[in-house]
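S.K.: Just so it is clear, I am handing over upload.tsv, which has TSV, C-alpha atoms and all ligand atoms.
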chain	number	residue	atom	x	y	z
A	1	MET	CA	22.66	-13.56	27.98
A	2	PRO	CA	21.47	-9.99	28.44
A	3	PRO	CA	20.93	-8.94	32.06
A	4	ILE	CA	17.42	-9.76	33.34
A	5	SER	CA	15.83	-7.51	35.94
A	6	PRO	CA	13.54	-9.15	38.50
A	7	LEU	CA	11.72	-5.81	38.70
A	8	PHE	CA	9.53	-6.80	35.77
A	9	ASP	CA	8.62	-10.27	36.92
A	10	GLN	CA	6.35	-10.47	39.97
A	11	GLU	CA	7.32	-14.02	40.96
A	12	LYS	CA	11.07	-13.46	40.66
A	13	LEU	CA	10.77	-10.13	42.36
A	14	GLU	CA	9.04	-11.63	45.39
A	15	LYS	CA	11.65	-14.39	45.62
A	16	ARG	CA	14.60	-12.00	45.38
A	17	ALA	CA	13.02	-9.56	47.78
A	18	LYS	CA	12.67	-12.40	50.29
A	19	ASN	CA	16.30	-13.42	49.83
A	20	HIS	CA	17.32	-9.82	50.41
A	21	ASN	CA	15.00	-9.33	53.39
A	22	LEU	CA	13.21	-6.70	51.39
A	23	PRO	CA	9.62	-6.10	52.54
A	24	ALA	CA	6.94	-5.74	49.84
A	25	PHE	CA	6.40	-2.04	50.45
A	26	LYS	CA	10.03	-1.39	49.53
A	27	THR	CA	9.64	-2.91	46.10
A	28	LYS	CA	6.61	-0.65	45.69
A	29	GLN	CA	8.90	2.30	46.46
A	30	ILE	CA	11.17	1.21	43.63
A	31	PHE	CA	8.19	0.95	41.26
A	32	PHE	CA	7.12	4.41	42.29
A	33	GLU	CA	10.53	5.85	41.47
A	34	LEU	CA	10.75	4.05	38.13
A	35	PHE	CA	7.26	4.37	36.75
A	36	LYS	CA	5.69	7.34	38.48
A	37	ASN	CA	8.72	9.57	39.17
A	38	GLN	CA	10.28	8.45	35.86
A	39	ASN	CA	13.77	8.03	37.33
A	40	ILE	CA	16.05	5.27	36.16
A	41	HIS	CA	19.39	5.87	37.91
A	42	ARG	CA	19.86	5.12	41.58
A	43	GLU	CA	21.29	8.58	42.31
A	44	GLU	CA	18.05	10.17	41.11
A	45	MET	CA	15.80	8.07	43.35
A	46	THR	CA	15.73	10.42	46.30
A	47	THR	CA	12.83	8.70	48.06
A	48	LEU	CA	14.80	5.45	48.53
A	49	SER	CA	16.96	4.66	51.54
A	50	LYS	CA	20.70	4.08	51.20
A	51	GLU	CA	20.23	0.36	51.80
A	52	LEU	CA	17.60	0.08	49.11
A	53	LYS	CA	19.81	1.89	46.63
A	54	ALA	CA	22.56	-0.60	47.41
A	55	GLU	CA	20.13	-3.45	46.61
A	56	LEU	CA	19.31	-1.75	43.34
A	57	GLN	CA	22.95	-1.66	42.39
A	58	SER	CA	23.53	-5.33	43.06
A	59	GLU	CA	20.59	-7.20	41.61
A	60	PHE	CA	17.71	-4.95	40.84
A	61	SER	CA	19.25	-2.83	38.12
A	62	PRO	CA	16.29	-1.92	35.87
A	63	ILE	CA	18.14	-0.78	32.78
A	64	SER	CA	19.47	-3.08	30.07
A	65	LEU	CA	20.59	-0.53	27.50
A	66	GLU	CA	23.16	2.22	27.30
A	67	ILE	CA	22.04	5.46	25.71
A	68	ILE	CA	24.58	6.67	23.17
A	69	GLU	CA	22.80	9.52	21.39
A	70	THR	CA	19.68	11.68	21.74
A	71	VAL	CA	18.64	13.86	18.81
A	72	GLU	CA	15.95	16.49	19.40
A	73	THR	CA	13.69	18.23	16.88
A	74	HIS	CA	10.52	20.23	17.58
A	75	ASP	CA	8.31	17.19	17.06
A	76	THR	CA	10.55	14.26	17.96
A	77	THR	CA	13.29	12.92	20.17
A	78	LYS	CA	15.31	10.12	18.67
A	79	PHE	CA	17.19	7.74	20.95
A	80	ALA	CA	20.09	5.57	19.86
A	81	PHE	CA	20.94	2.76	22.30
A	82	LYS	CA	23.76	0.27	22.59
A	83	THR	CA	22.96	-3.23	23.84
A	84	HIS	CA	25.23	-5.04	26.34
A	85	ASP	CA	26.76	-6.96	23.41
A	86	GLY	CA	27.47	-3.85	21.36
A	87	HIS	CA	24.53	-3.59	18.90
A	88	LEU	CA	22.75	-0.38	17.96
A	89	ILE	CA	18.99	-0.01	18.19
A	90	GLU	CA	16.66	2.98	18.18
A	91	ALA	CA	13.41	4.41	19.51
A	92	ILE	CA	11.64	7.64	18.60
A	93	ALA	CA	9.34	9.76	20.75
A	94	MET	CA	6.80	11.74	18.71
A	95	PHE	CA	5.13	14.81	20.20
A	96	HIS	CA	1.60	15.32	18.91
A	97	ARG	CA	0.74	19.00	19.31
A	98	GLN	CA	-2.56	20.73	18.97
A	99	PRO	CA	-3.17	21.96	15.39
A	100	GLU	CA	-2.33	25.66	14.95
A	101	GLN	CA	-5.92	26.79	14.32
A	102	HIS	CA	-7.01	25.47	17.73
A	103	ARG	CA	-4.26	27.15	19.73
A	104	LYS	CA	-4.91	29.89	22.23
A	105	ASN	CA	-2.36	32.77	22.52
A	106	ASN	CA	-0.26	31.08	19.87
A	107	GLN	CA	0.95	28.55	22.45
A	108	SER	CA	1.44	25.07	21.11
A	109	LYS	CA	-0.21	22.56	23.39
A	110	LEU	CA	1.20	19.07	23.66
A	111	ASN	CA	-1.62	16.57	23.27
A	112	ARG	CA	0.10	13.23	23.65
A	113	ILE	CA	3.44	11.50	23.22
A	114	THR	CA	3.93	8.28	21.26
A	115	LEU	CA	7.03	6.11	21.41
A	116	CYS	CA	8.05	4.00	18.44
A	117	ILE	CA	10.12	1.09	19.78
A	118	SER	CA	12.34	-1.65	18.38
A	119	SER	CA	11.76	-5.36	18.96
A	120	GLN	CA	14.82	-6.86	17.26
A	121	VAL	CA	18.37	-5.96	16.23
A	122	GLY	CA	17.85	-5.79	12.46
A	123	CYS	CA	15.06	-7.87	10.89
A	124	PRO	CA	14.97	-11.22	9.07
A	125	ALA	CA	12.01	-10.29	6.80
A	126	GLY	CA	14.14	-8.39	4.27
A	127	CYS	CA	11.45	-6.12	2.76
A	128	LEU	CA	12.97	-4.37	-0.26
A	129	PHE	CA	11.95	-0.83	0.73
A	130	CYS	CA	13.13	-1.02	4.35
A	131	VAL	CA	16.53	-0.02	5.70
A	132	THR	CA	16.19	-2.33	8.71
A	133	GLY	CA	15.47	-5.19	6.30
A	134	LYS	CA	18.70	-4.37	4.51
A	135	LEU	CA	20.67	-4.77	7.73
A	136	GLY	CA	19.65	-8.41	8.08
A	137	PHE	CA	18.89	-10.07	11.40
A	138	THR	CA	21.20	-10.17	14.40
A	139	ARG	CA	19.05	-11.17	17.38
A	140	ASN	CA	15.83	-10.65	19.29
A	141	LEU	CA	15.67	-7.96	21.95
A	142	SER	CA	14.92	-9.23	25.45
A	143	ARG	CA	11.83	-8.13	27.34
A	144	ASP	CA	14.00	-5.83	29.45
A	145	GLU	CA	15.65	-4.26	26.41
A	146	ILE	CA	12.20	-3.47	25.01
A	147	ILE	CA	11.01	-2.02	28.33
A	148	SER	CA	14.23	-0.03	28.84
A	149	GLN	CA	13.45	2.01	25.71
A	150	VAL	CA	10.23	3.24	27.36
A	151	LEU	CA	11.91	3.90	30.73
A	152	TYR	CA	14.62	6.00	29.05
A	153	ALA	CA	12.08	7.93	27.00
A	154	ASN	CA	10.00	8.79	30.08
A	155	ARG	CA	13.08	10.07	31.90
A	156	ARG	CA	14.00	12.26	28.92
A	157	ILE	CA	10.43	13.63	28.67
A	158	LYS	CA	10.58	14.59	32.33
A	159	GLN	CA	13.87	16.45	31.76
A	160	LYS	CA	12.50	18.13	28.64
A	161	PHE	CA	9.08	19.29	29.81
A	162	GLY	CA	9.27	19.36	33.62
A	163	LYS	CA	6.07	19.16	35.63
A	164	LYS	CA	2.62	20.13	34.35
A	165	ALA	CA	0.64	22.88	36.07
A	166	ASP	CA	-1.09	20.24	38.21
A	167	GLY	CA	2.25	18.88	39.44
A	168	THR	CA	2.09	15.61	37.49
A	169	LEU	CA	4.58	14.47	34.88
A	170	ARG	CA	4.11	13.94	31.18
A	171	GLY	CA	5.07	10.52	29.91
A	172	ILE	CA	4.69	8.07	27.07
A	173	ARG	CA	0.97	7.31	26.63
A	174	ASN	CA	1.17	5.40	23.34
A	175	VAL	CA	3.63	2.73	22.29
A	176	VAL	CA	3.95	1.43	18.72
A	177	PHE	CA	6.08	-1.59	17.77
A	178	MET	CA	7.17	0.11	14.53
A	179	GLY	CA	10.90	0.56	15.06
A	180	MET	CA	13.50	-2.00	14.05
A	181	GLY	CA	12.39	-5.60	13.76
A	182	GLU	CA	9.34	-7.80	13.37
A	183	PRO	CA	7.60	-8.05	16.77
A	184	LEU	CA	5.69	-11.25	15.93
A	185	LEU	CA	9.01	-13.01	15.28
A	186	ASN	CA	9.98	-12.13	18.87
A	187	TYR	CA	6.61	-13.15	20.23
A	188	GLU	CA	7.33	-14.13	23.85
A	189	ASN	CA	9.39	-11.02	24.68
A	190	MET	CA	6.89	-8.77	22.90
A	191	LYS	CA	4.06	-10.36	24.87
A	192	GLN	CA	5.82	-10.00	28.22
A	193	SER	CA	6.74	-6.39	27.53
A	194	ILE	CA	3.09	-5.63	26.64
A	195	GLU	CA	2.05	-7.10	30.00
A	196	ILE	CA	4.40	-4.63	31.72
A	197	LEU	CA	3.16	-1.73	29.60
A	198	LEU	CA	-0.40	-2.55	30.64
A	199	ALA	CA	0.22	-3.40	34.32
A	200	GLN	CA	-1.29	-0.90	36.68
A	201	GLU	CA	1.70	-0.69	39.00
A	202	ARG	CA	4.04	-0.30	36.05
A	203	PHE	CA	3.31	1.85	32.95
A	204	SER	CA	-0.46	1.50	33.18
A	205	LEU	CA	-1.11	2.19	29.46
A	206	GLY	CA	-4.54	1.62	27.90
A	207	ARG	CA	-5.00	-1.36	25.55
A	208	ARG	CA	-5.94	0.91	22.69
A	209	HIS	CA	-2.69	2.83	23.22
A	210	ILE	CA	-0.40	-0.03	22.19
A	211	THR	CA	0.04	-0.99	18.52
A	212	ILE	CA	1.70	-4.12	17.19
A	213	SER	CA	2.80	-3.66	13.58
A	214	THR	CA	3.53	-6.80	11.56
A	215	SER	CA	4.50	-7.76	8.03
A	216	GLY	CA	2.00	-10.64	8.33
A	217	ILE	CA	3.50	-13.46	10.42
A	218	ILE	CA	0.48	-15.81	10.39
A	219	PRO	CA	1.41	-18.03	13.39
A	220	GLY	CA	2.03	-14.87	15.44
A	221	ILE	CA	-1.43	-13.45	14.61
A	222	LYS	CA	-2.97	-16.81	15.59
A	223	LYS	CA	-1.13	-16.67	18.92
A	224	LEU	CA	-2.49	-13.17	19.53
A	225	ILE	CA	-5.98	-14.67	19.25
A	226	THR	CA	-5.26	-17.60	21.60
A	227	ASP	CA	-3.49	-15.39	24.14
A	228	LYS	CA	-6.24	-12.75	23.88
A	229	ILE	CA	-3.75	-9.95	23.36
A	230	ASP	CA	-6.27	-7.27	22.71
A	231	VAL	CA	-4.19	-4.28	21.59
A	232	LYS	CA	-4.25	-2.46	18.23
A	233	LEU	CA	-3.01	-4.46	15.26
A	234	ALA	CA	-1.44	-2.85	12.19
A	235	ILE	CA	-0.73	-5.00	9.13
A	236	SER	CA	2.04	-3.81	6.81
A	237	LEU	CA	0.27	-4.80	3.62
A	238	HIS	CA	1.99	-2.66	0.97
A	239	ALA	CA	0.62	-4.64	-2.00
A	240	PRO	CA	-2.85	-6.03	-2.80
A	241	ASN	CA	-1.79	-9.16	-4.74
A	242	GLN	CA	0.49	-12.13	-4.08
A	243	LYS	CA	2.88	-11.44	-6.99
A	244	LEU	CA	3.75	-7.84	-6.12
A	245	ARG	CA	3.75	-8.52	-2.38
A	246	GLU	CA	6.18	-11.40	-2.88
A	247	GLN	CA	8.49	-9.11	-4.82
A	248	LEU	CA	8.46	-6.36	-2.20
A	249	MET	CA	8.11	-8.52	0.91
A	250	PRO	CA	9.79	-11.93	0.47
A	251	ILE	CA	8.10	-13.20	3.67
A	252	THR	CA	4.89	-13.44	1.57
A	253	ARG	CA	6.26	-16.66	0.02
A	254	GLN	CA	6.15	-18.27	3.43
A	255	TYR	CA	2.92	-16.57	4.52
A	256	PRO	CA	0.75	-16.11	1.39
A	257	LEU	CA	-1.59	-13.13	1.14
A	258	SER	CA	-4.77	-15.24	0.89
A	259	GLU	CA	-3.85	-17.13	4.09
A	260	LEU	CA	-2.95	-13.86	5.80
A	261	MET	CA	-6.33	-12.33	4.97
A	262	LYS	CA	-8.13	-15.43	6.30
A	263	THR	CA	-6.14	-15.24	9.55
A	264	ILE	CA	-6.94	-11.54	9.91
A	265	ASP	CA	-10.64	-12.41	9.50
A	266	LEU	CA	-10.30	-14.86	12.41
A	267	TYR	CA	-8.59	-12.17	14.47
A	268	VAL	CA	-11.38	-9.67	13.75
A	269	GLN	CA	-14.04	-12.26	14.59
A	270	ALA	CA	-12.33	-12.97	17.91
A	271	THR	CA	-11.63	-9.37	18.94
A	272	ASN	CA	-13.97	-7.17	16.90
A	273	ASN	CA	-10.99	-4.83	16.51
A	274	ARG	CA	-10.55	-2.65	13.45
A	275	ILE	CA	-7.35	-3.49	11.57
A	276	PHE	CA	-4.98	-0.75	10.45
A	277	TYR	CA	-3.48	-1.55	7.06
A	278	GLU	CA	-0.22	0.21	6.28
A	279	TYR	CA	0.29	0.74	2.55
A	280	ILE	CA	3.53	2.27	1.28
A	281	MET	CA	3.27	4.61	-1.71
A	282	ILE	CA	6.21	3.93	-4.04
A	283	ARG	CA	6.19	5.77	-7.36
A	284	GLY	CA	5.11	3.57	-10.29
A	285	ILE	CA	5.29	0.40	-8.17
A	286	THR	CA	2.52	0.37	-5.56
A	287	ASP	CA	0.52	3.48	-6.51
A	288	THR	CA	-1.27	2.70	-9.82
A	289	PRO	CA	-5.09	3.01	-10.24
A	290	GLU	CA	-5.26	-0.75	-10.99
A	291	LEU	CA	-3.65	-1.53	-7.61
A	292	ALA	CA	-6.03	0.88	-5.87
A	293	SER	CA	-8.96	-1.11	-7.33
A	294	GLN	CA	-7.39	-4.41	-6.24
A	295	LEU	CA	-6.85	-3.04	-2.73
A	296	ALA	CA	-10.45	-1.81	-2.58
A	297	ASN	CA	-11.63	-5.33	-3.57
A	298	LEU	CA	-9.38	-7.01	-1.04
A	299	LEU	CA	-10.65	-4.87	1.85
A	300	GLN	CA	-14.26	-4.43	0.76
A	301	GLY	CA	-16.64	-4.96	3.67
A	302	LYS	CA	-13.84	-5.56	6.19
A	303	LEU	CA	-13.32	-3.79	9.51
A	304	ALA	CA	-10.37	-1.84	8.13
A	305	HIS	CA	-8.62	1.49	8.05
A	306	VAL	CA	-5.93	2.17	5.44
A	307	ASN	CA	-2.93	4.33	6.22
A	308	LEU	CA	-1.14	5.41	3.04
A	309	ILE	CA	2.54	5.99	3.85
A	310	PRO	CA	4.53	8.09	1.40
A	311	TYR	CA	7.72	6.09	0.76
A	312	ASN	CA	10.53	7.58	2.76
A	313	THR	CA	13.42	7.92	0.32
A	314	ASN	CA	16.78	6.62	1.36
A	315	PRO	CA	20.03	6.67	-0.62
A	316	ALA	CA	20.61	3.01	0.27
A	317	LEU	CA	17.51	1.99	-1.69
A	318	ASP	CA	16.32	2.54	-5.24
A	319	PHE	CA	12.69	3.69	-4.93
A	320	LEU	CA	10.95	7.07	-5.25
A	321	GLU	CA	8.05	8.56	-3.33
A	322	SER	CA	4.66	8.83	-5.12
A	323	GLU	CA	3.47	12.22	-6.40
A	324	PRO	CA	0.95	13.93	-4.08
A	325	ALA	CA	-1.73	13.91	-6.83
A	326	THR	CA	-1.25	10.16	-7.36
A	327	MET	CA	-1.65	9.53	-3.62
A	328	GLN	CA	-4.81	11.61	-3.56
A	329	ALA	CA	-6.28	9.73	-6.55
A	330	PHE	CA	-5.44	6.41	-4.85
A	331	LYS	CA	-7.14	7.59	-1.68
A	332	ASN	CA	-10.25	8.75	-3.57
A	333	LYS	CA	-10.57	5.36	-5.24
A	334	LEU	CA	-10.56	3.55	-1.88
A	335	GLU	CA	-13.02	6.01	-0.40
A	336	LYS	CA	-15.42	5.33	-3.27
A	337	SER	CA	-15.56	1.76	-1.93
A	338	TRP	CA	-16.39	3.08	1.55
A	339	ILE	CA	-12.96	2.31	2.96
A	340	THR	CA	-11.61	4.88	5.43
A	341	VAL	CA	-8.17	6.17	4.48
A	342	THR	CA	-5.58	8.61	5.79
A	343	ILE	CA	-2.41	9.77	4.10
A	344	ARG	CA	0.32	10.01	6.72
A	345	GLU	CA	0.83	13.69	7.38
A	346	SER	CA	4.22	15.39	7.24
A	347	MET	CA	4.94	15.29	11.00
A	348	GLY	CA	4.31	11.59	11.15
A	349	ARG	CA	6.31	11.10	8.02
A	350	GLU	CA	9.43	12.77	9.28
A	351	SER	CA	9.35	11.06	12.62
A	352	LYS	CA	8.16	7.63	11.55
A	353	GLY	CA	10.43	7.80	8.52
A	354	ALA	CA	13.23	8.42	10.98
A	355	CYS	CA	12.40	5.08	12.60
A	356	GLY	CA	14.83	3.03	10.53
A	357	GLN	CA	17.37	5.70	9.67
A	358	LEU	CA	19.77	4.52	12.34
A	359	GLY	CA	20.06	1.41	10.27
A	360	TRP	CA	21.02	3.62	7.36
A	361	GLU	CA	23.78	5.29	9.40
A	362	LYS	CA	25.13	1.86	10.18
A	363	ILE	CA	25.15	0.83	6.51
A	364	LYS	CA	26.97	4.05	5.65
A	365	LYS	CA	29.63	3.46	8.31
A	366	THR	CA	30.19	-0.12	7.16
A	367	ALA	CA	30.51	1.07	3.56
A	368	GLN	CA	33.03	3.76	4.59
A	369	ALA	CA	35.06	1.28	6.61
B	401	LIG	N1	8.30	-5.17	11.04
B	401	LIG	C1	7.10	-4.53	11.36
B	401	LIG	C2	7.27	-3.30	12.22
B	401	LIG	C3	8.37	-2.33	11.88
B	401	LIG	S1	8.31	-1.44	10.35
B	401	LIG	C4	6.32	-4.19	10.09
B	401	LIG	O1	6.89	-4.26	9.02
B	401	LIG	O2	5.15	-3.86	10.22
B	401	LIG	C5	7.21	-0.08	10.61
B	401	LIG	C6	6.56	0.45	9.31
B	401	LIG	O3	7.45	1.27	8.53
B	401	LIG	C7	6.10	-0.68	8.41
B	401	LIG	O4	4.79	-0.46	7.95
B	401	LIG	C8	7.10	-0.57	7.28
B	401	LIG	O5	6.63	-1.17	6.14
B	401	LIG	C9	7.32	0.91	7.17
B	401	LIG	N2	8.51	1.28	6.38
B	401	LIG	C10	9.66	0.61	6.24
B	401	LIG	N3	10.50	1.25	5.40
B	401	LIG	C11	9.86	2.36	5.00
B	401	LIG	C12	10.20	3.45	4.12
B	401	LIG	N4	11.37	3.51	3.50
B	401	LIG	N5	9.28	4.42	3.93
B	401	LIG	C13	8.08	4.39	4.58
B	401	LIG	N6	7.72	3.41	5.41
B	401	LIG	C14	8.58	2.40	5.63
B	402	LIG	FE1	11.28	-6.06	8.84
B	402	LIG	FE2	9.13	-4.48	8.97
B	402	LIG	FE3	11.36	-3.65	7.71
B	402	LIG	FE4	9.89	-5.59	6.63
B	402	LIG	S1	9.25	-3.46	6.98
B	402	LIG	S2	12.13	-5.60	6.84
B	402	LIG	S3	9.19	-6.67	8.42
B	402	LIG	S4	11.15	-4.07	9.86
So, in terms of structure tokens, how does the structure I just supplied come out?
M.R.:
Amino acid sequence: MPPISPLFDQEKLEKRAKNHNLPAFKTKQIFFELFKNQNIHREEMTTLSKELKAELQSEFSPISLEIIETVETHDTTKFAFKTHDGHLIEAIAMFHRQPEQHRKNNQSKLNRITLCISSQVGCPAGCLFCVTGKLGFTRNLSRDEIISQVLYANRRIKQKFGKKADGTLRGIRNVVFMGMGEPLLNYENMKQSIEILLAQERFSLGRRHITISTSGIIPGIKKLITDKIDVKLAISLHAPNQKLREQLMPITRQYPLSELMKTIDLYVQATNNRIFYEYIMIRGITDTPELASQLANLLQGKLAHVNLIPYNTNPALDFLESEPATMQAFKNKLEKSWITVTIRESMGRESKGACGQLGWEKIKKTAQA
């Protein structure tokens, strides 16, 4: 069993605090250090008394992961973590900067920071184009392992950027479940971690700033409706017909495309939320004009936005990225049917493409061994 921190569970927290003779205001001090001051280690929490730090060491330890590597580029910070039972997972912070033409004095202004997080070690869905899929499935991440990725990222952002002119700290404002794993196959832990991301005394993120990305796990989407989990939903569609989707995403056999589209309709009726469809552009496989027409038919009249993702090439897999002109023609065809479309821009490509590359490193190491 991975360690469970009572800090993320109000009921347990109150019970433990009582057992430890810890008054309520002291737990608030811990929250303040963790979520507002973005500290995660006891030594850094200078506003806490010695006694309270001792409590933290014994039972209130907030962190369930060990950081093993941080890789920085201009636009991203990639985190590699080790779980208590020795597995590797990853998260990637993406820095969205103001476009060059809008900058004053040539200074690049940081608009917002998004964190791409993992929900499982590996993934059981086995999509053909995905490195995580190739790793297979090891286990679900616990709620605390999911939350720890965000806590670590906030601490790193504080170290990297320091305080803003107004004295406040920058932090993660958007979280996307687009790292390793299928979040709707780890439903309960995903749900509980979303509650903590939204909670005012914790991360206090806006609903529209959290995205669940799924390969189309129908029972999971139905649960989102019943539980009224009203965050952004992205569907990894990648093919507009059952035959091709089955070939690329074997999970389609279990959850057929027609059923998936009906379930999405129910979700849209219940929430009135626009759905973001992710569609991977693989040369000669998903990018033909015929498939663009089929996709336009499938999404005609729906509350939808399509995100065309240039396939991120990887030596472990056999596909090629579509030509830019092919992607543009595909986009034009959808737009003719009044569907809004974006092609993922290069920054997003590098960083989001990187989400999954840790898996590749692991495959390489196993092969070498
Ligand atoms: N399992 C969930 C969430 C994680 S995957 C899902 O599939 O939605 C996040 C996104 O990256 C998915 O849309 C996935 O299809 C895409 N992806 C996976 N491998 C990719 C690759 N090689 N190139 C580009 N996108 C990829
Ligand atoms: Fe799993 Fe998503 Fe990768 Fe498919 S694309 S194998 S569902 S992580």
S.K.: Could you report the residues within 8 Å of ligand LIG 401 (chain B), using all atoms listed in the file, as an MDAnalysis selection string?
M.R.: chainID A and resid 118 123 125 127 129:132 177:183 212:216 234:238 278:281 309:314 349 352:353 355:356
S.K.: Using all atoms listed in the file, can you tell me which of A:Phe161, A:Phe137, A:Phe95, A:Tyr267 comes closest to ligand LIG 402 (chain B)?
M.R.: A:Phe137
S.K.: Which residues are close to segment 338-344 of chain A, i.e. within 10 Å by all atoms listed in the file, leaving aside same-chain residues fewer than 4 positions away? Reply as an NGL selection string.
M.R.: :A and (276-281 or 295-296 or 299-310 or 324 or 327-328 or 330-334 or 348-350 or 352)
S.K.: Counting all atoms listed in the file, which residue out of A:Leu48, A:Ala24, A:Ile172, A:Leu135 sits closest to ligand LIG 402 (chain B)?
M.R.: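 Ranked by minimum distance to ligand LIG 402 (chain B), first place goes to A:Leu135.
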S.K.: Using all atoms listed in the file, determine which residues lie at most 10 Å from Glu201 of chain A, disregarding the query and same-chain residues fewer than 6 positions distant; provide the list as a PyMOL selection string.
M.R.: chain A and resi 28+31-32+35-36
S.K.: Pick the closest to Ile285 of chain A from A:Gly167, A:Pro240, A:Pro23, A:Gly126: which is it, counting all atoms listed in the file?
M.R.: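 Of A:Gly167, A:Pro240, A:Pro23, A:Gly126, the one nearest Ile285 of chain A, counting all atoms listed in the file, is A:Pro240.
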S.K.: When you count all atoms listed in the file, which of these residues is closest to Ile146 of chain A: A:Thr73, A:Asn111, A:Ser64, A:Thr226?
M.R.: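 Among A:Thr73, A:Asn111, A:Ser64, A:Thr226, it is A:Ser64 that comes nearest to Ile146 of chain A.
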S.K.: How many Å separate atom CA of Phe81 of chain A from atom CA of Leu65 of chain A?
M.R.: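 Atom-to-atom, atom CA of Phe81 of chain A and atom CA of Leu65 of chain A are spaced 6.2 Å apart.
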S.K.: Please identify all polymer residues within 6 Å of Gln38 of chain A, counting only C-alpha atoms, omitting same-chain residues fewer than 3 positions from it, and present them as a PyMOL selection string.
M.R.: chain A and resi 34-35+154-155
S.K.: Using only C-alpha atoms, find the one residue out of A:Glu72, A:Glu323, A:Glu90, A:Asp144 that sits nearest to Leu7 of chain A.
M.R.: A:Asp144
S.K.: Using all atoms listed in the file for the distances, tell me which of A:Leu151, A:Ile117, A:Ile275, A:Ala325 is nearest to ligand LIG 402 (chain B).
M.R.: A:Ile117
S.K.: What's the separation between atom CA of Arg208 of chain A and atom CA of Lys158 of chain A, in Å to one decimal place?
M.R.: 23.5 Å
S.K.: Using only C-alpha atoms, tabulate the residues of segment 143-222 of chain A lying at most 12 Å from any atom of segment 8-18 of chain A, each with its closest atom pair and that distance in Å to one decimal, by chain and increasing residue number, as CSV.
M.R.:
residue,atom,partner,partner_atom,distance
A:Arg143,CA,A:Phe8,CA,8.8
A:Asp144,CA,A:Phe8,CA,7.8
A:Glu145,CA,A:Phe8,CA,11.5
A:Ile146,CA,A:Phe8,CA,11.6
A:Ile147,CA,A:Phe8,CA,9.0
A:Ser148,CA,A:Phe8,CA,10.8
A:Asn189,CA,A:Phe8,CA,11.9
A:Gln192,CA,A:Phe8,CA,9.0
A:Ser193,CA,A:Phe8,CA,8.7
A:Ile194,CA,A:Phe8,CA,11.2
A:Glu195,CA,A:Phe8,CA,9.5
A:Ile196,CA,A:Phe8,CA,6.9
A:Leu197,CA,A:Phe8,CA,10.2
A:Leu198,CA,A:Phe8,CA,12.0
A:Ala199,CA,A:Phe8,CA,10.0
A:Glu201,CA,A:Phe8,CA,10.4
A:Arg202,CA,A:Phe8,CA,8.5
A:Phe203,CA,A:Phe8,CA,11.0
S.K.: Taking all listed atoms of ligand LIG 402 (chain B), build the axis-aligned box, pad each of the six sides by 4 Å, then write its centre and edge lengths in Å to one decimal as AutoDock Vina command-line options.
M.R.:
--center_x 10.6 --center_y -5.1 --center_z 8.2 --size_x 11.0 --size_y 11.2 --size_z 11.2
S.K.: If I put a ball of radius 8 Å at (25.7, 6.1, 25.9) in the file's coordinates, which residues poke into it when counting only C-alpha atoms, written as a tab-separated table (two decimals) with C-alpha atoms, in the frame of the given file?
M.R.:
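out10.tsv, freshly written:
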chain	number	residue	atom	x	y	z
A	66	GLU	CA	23.16	2.22	27.30
A	67	ILE	CA	22.04	5.46	25.71
A	68	ILE	CA	24.58	6.67	23.17
A	69	GLU	CA	22.80	9.52	21.39
A	81	PHE	CA	20.94	2.76	22.30
A	82	LYS	CA	23.76	0.27	22.59
S.K.: What is the atom CA of Arg42 of chain A to atom CA of Ser5 of chain A distance in Å?
M.R.: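 Separation between atom CA of Arg42 of chain A and atom CA of Ser5 of chain A: 14.4 Å.
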